[in-house]
Amino acid sequence: MKIVFLDVKTIGEDIDLSGFDALGEVVKYPFSTTEQALERTKDADVIILNKVEINESSIGNAEHLKLVCVTATGTNNLDKEYLEEMWQAIRQSQ
């Protein structure tokens with residue numbers, strides 16, 4: 001399993017993220033733009049983010065994506081309609 005943190009610097013430096021290492025390959029980026037996220041998530045199974053906008057422009061190439069985790073209290077950066085369409089397509093292909 002590949003877990004990608006898109007903007008780990010935005011969640012604070014006092015948080016121990018080492019527990020994720022037991023789950024698979026973990027890649028941590030300090031910050032990501034939408035364009036960088038598109039490339040960085042293409043092989044991700046799990047994406048963890050705080051402030052990065054999540055939409056087709058940022059995760060449209062993520063063919064293995066199973067889970068999007070948000071560390072923020074708000075979800076206004078998520079295109080929920082796109083994510084629902086994405087999940088429906090995954091369910092239909094299984």
# chains A, B, ... in the order shown; residues from 1 in each chain; ligands from 1
>>> residues_around(residues="Ala62 of chain A", least_positions_apart="4", cutoff="6 Å", atoms="only C-alpha atoms", output="tab-separated table (two decimals) with N, CA, C and O atoms, in the first residue's frame")
chain	number	residue	atom	x	y	z
A	41	THR	N	0.19	11.69	-6.65
A	41	THR	CA	-0.85	10.75	-6.21
A	41	THR	C	-1.16	9.66	-7.22
A	41	THR	O	-1.99	8.79	-6.95
A	42	LYS	N	-0.48	9.65	-8.36
A	42	LYS	CA	-0.87	8.71	-9.42
A	42	LYS	C	-0.76	7.25	-9.00
A	42	LYS	O	-1.52	6.42	-9.48
A	43	ASP	N	0.14	6.90	-8.08
A	43	ASP	CA	0.28	5.52	-7.62
A	43	ASP	C	-0.22	5.34	-6.19
A	43	ASP	O	-0.01	4.27	-5.61
>>> select_by_dssp(residues="segment 25-69 of chain A", states="strand (DSSP E)", output="ChimeraX atom specification")
/A:25-28,46-49,67-69
>>> residues_around(residues="segment 81-91 of chain A", least_positions_apart="2", cutoff="9 Å", atoms="only C-alpha atoms", output="PyMOL selection string")
chain A and resi 54-56+66+78-79+93-94
>>> residues_around(residues="Met1 of chain A", least_positions_apart="4", cutoff="10 Å", atoms="only C-alpha atoms", output="VMD selection string")
chain A and resid 23 to 26 43 to 46 64 to 66
>>> residues_around(residues="Val27 of chain A", least_positions_apart="3", cutoff="9 Å", atoms="only C-alpha atoms", output="VMD selection string")
chain A and resid 2 to 6
>>> write_last_selection(atoms="N, CA and C atoms", output="PDB file, in the first residue's frame")
ATOM      1  N   LYS A   2       0.521   2.212  -0.826  1.00  0.00           N
ATOM      2  CA  LYS A   2       1.279   3.454  -0.877  1.00  0.00           C
ATOM      3  C   LYS A   2       0.429   4.574  -0.277  1.00  0.00           C
ATOM      4  N   ILE A   3       0.977   5.210   0.747  1.00  0.00           N
ATOM      5  CA  ILE A   3       0.318   6.314   1.450  1.00  0.00           C
ATOM      6  C   ILE A   3       1.084   7.587   1.129  1.00  0.00           C
ATOM      7  N   VAL A   4       0.366   8.610   0.667  1.00  0.00           N
ATOM      8  CA  VAL A   4       0.999   9.864   0.289  1.00  0.00           C
ATOM      9  C   VAL A   4       0.432  11.000   1.137  1.00  0.00           C
ATOM     10  N   PHE A   5       1.310  11.643   1.898  1.00  0.00           N
ATOM     11  CA  PHE A   5       0.974  12.872   2.624  1.00  0.00           C
ATOM     12  C   PHE A   5       1.297  14.032   1.689  1.00  0.00           C
ATOM     13  N   LEU A   6       0.306  14.825   1.325  1.00  0.00           N
ATOM     14  CA  LEU A   6       0.528  15.897   0.362  1.00  0.00           C
ATOM     15  C   LEU A   6       1.056  17.186   0.965  1.00  0.00           C
TER      16      LEU A   6
END
>>> closest_residue(among="A:Pro30, A:Glu39, A:Asp14, A:Asp7", to="Ser57 of chain A", atoms="only C-alpha atoms")
A:Glu39
>>> residues_around(residues="Leu17 of chain A", least_positions_apart="4", cutoff="10 Å", atoms="only C-alpha atoms", output="JSON, numbers by chain")
{"A": [8, 13, 21, 26, 28]}
>>> atom_distance(atom1="atom CA of Ser58 of chain A", atom2="atom CA of Thr75 of chain A")
15.2 Å
>>> select_by_dssp(residues="chain A", states="alpha helix (DSSP H)", output="ChimeraX atom specification")
/A:34-40,56-59,80-93
>>> atom_distance(atom1="atom CA of Asp16 of chain A", atom2="atom CA of Ile48 of chain A")
14.3 Å
>>> atom_distance(atom1="atom CA of Ala37 of chain A", atom2="atom CA of Ile15 of chain A")
22.2 Å
>>> closest_residue(among="A:Gly19, A:Lys9, A:Thr71, A:Thr34", to="Val52 of chain A", atoms="only C-alpha atoms")
A:Thr34
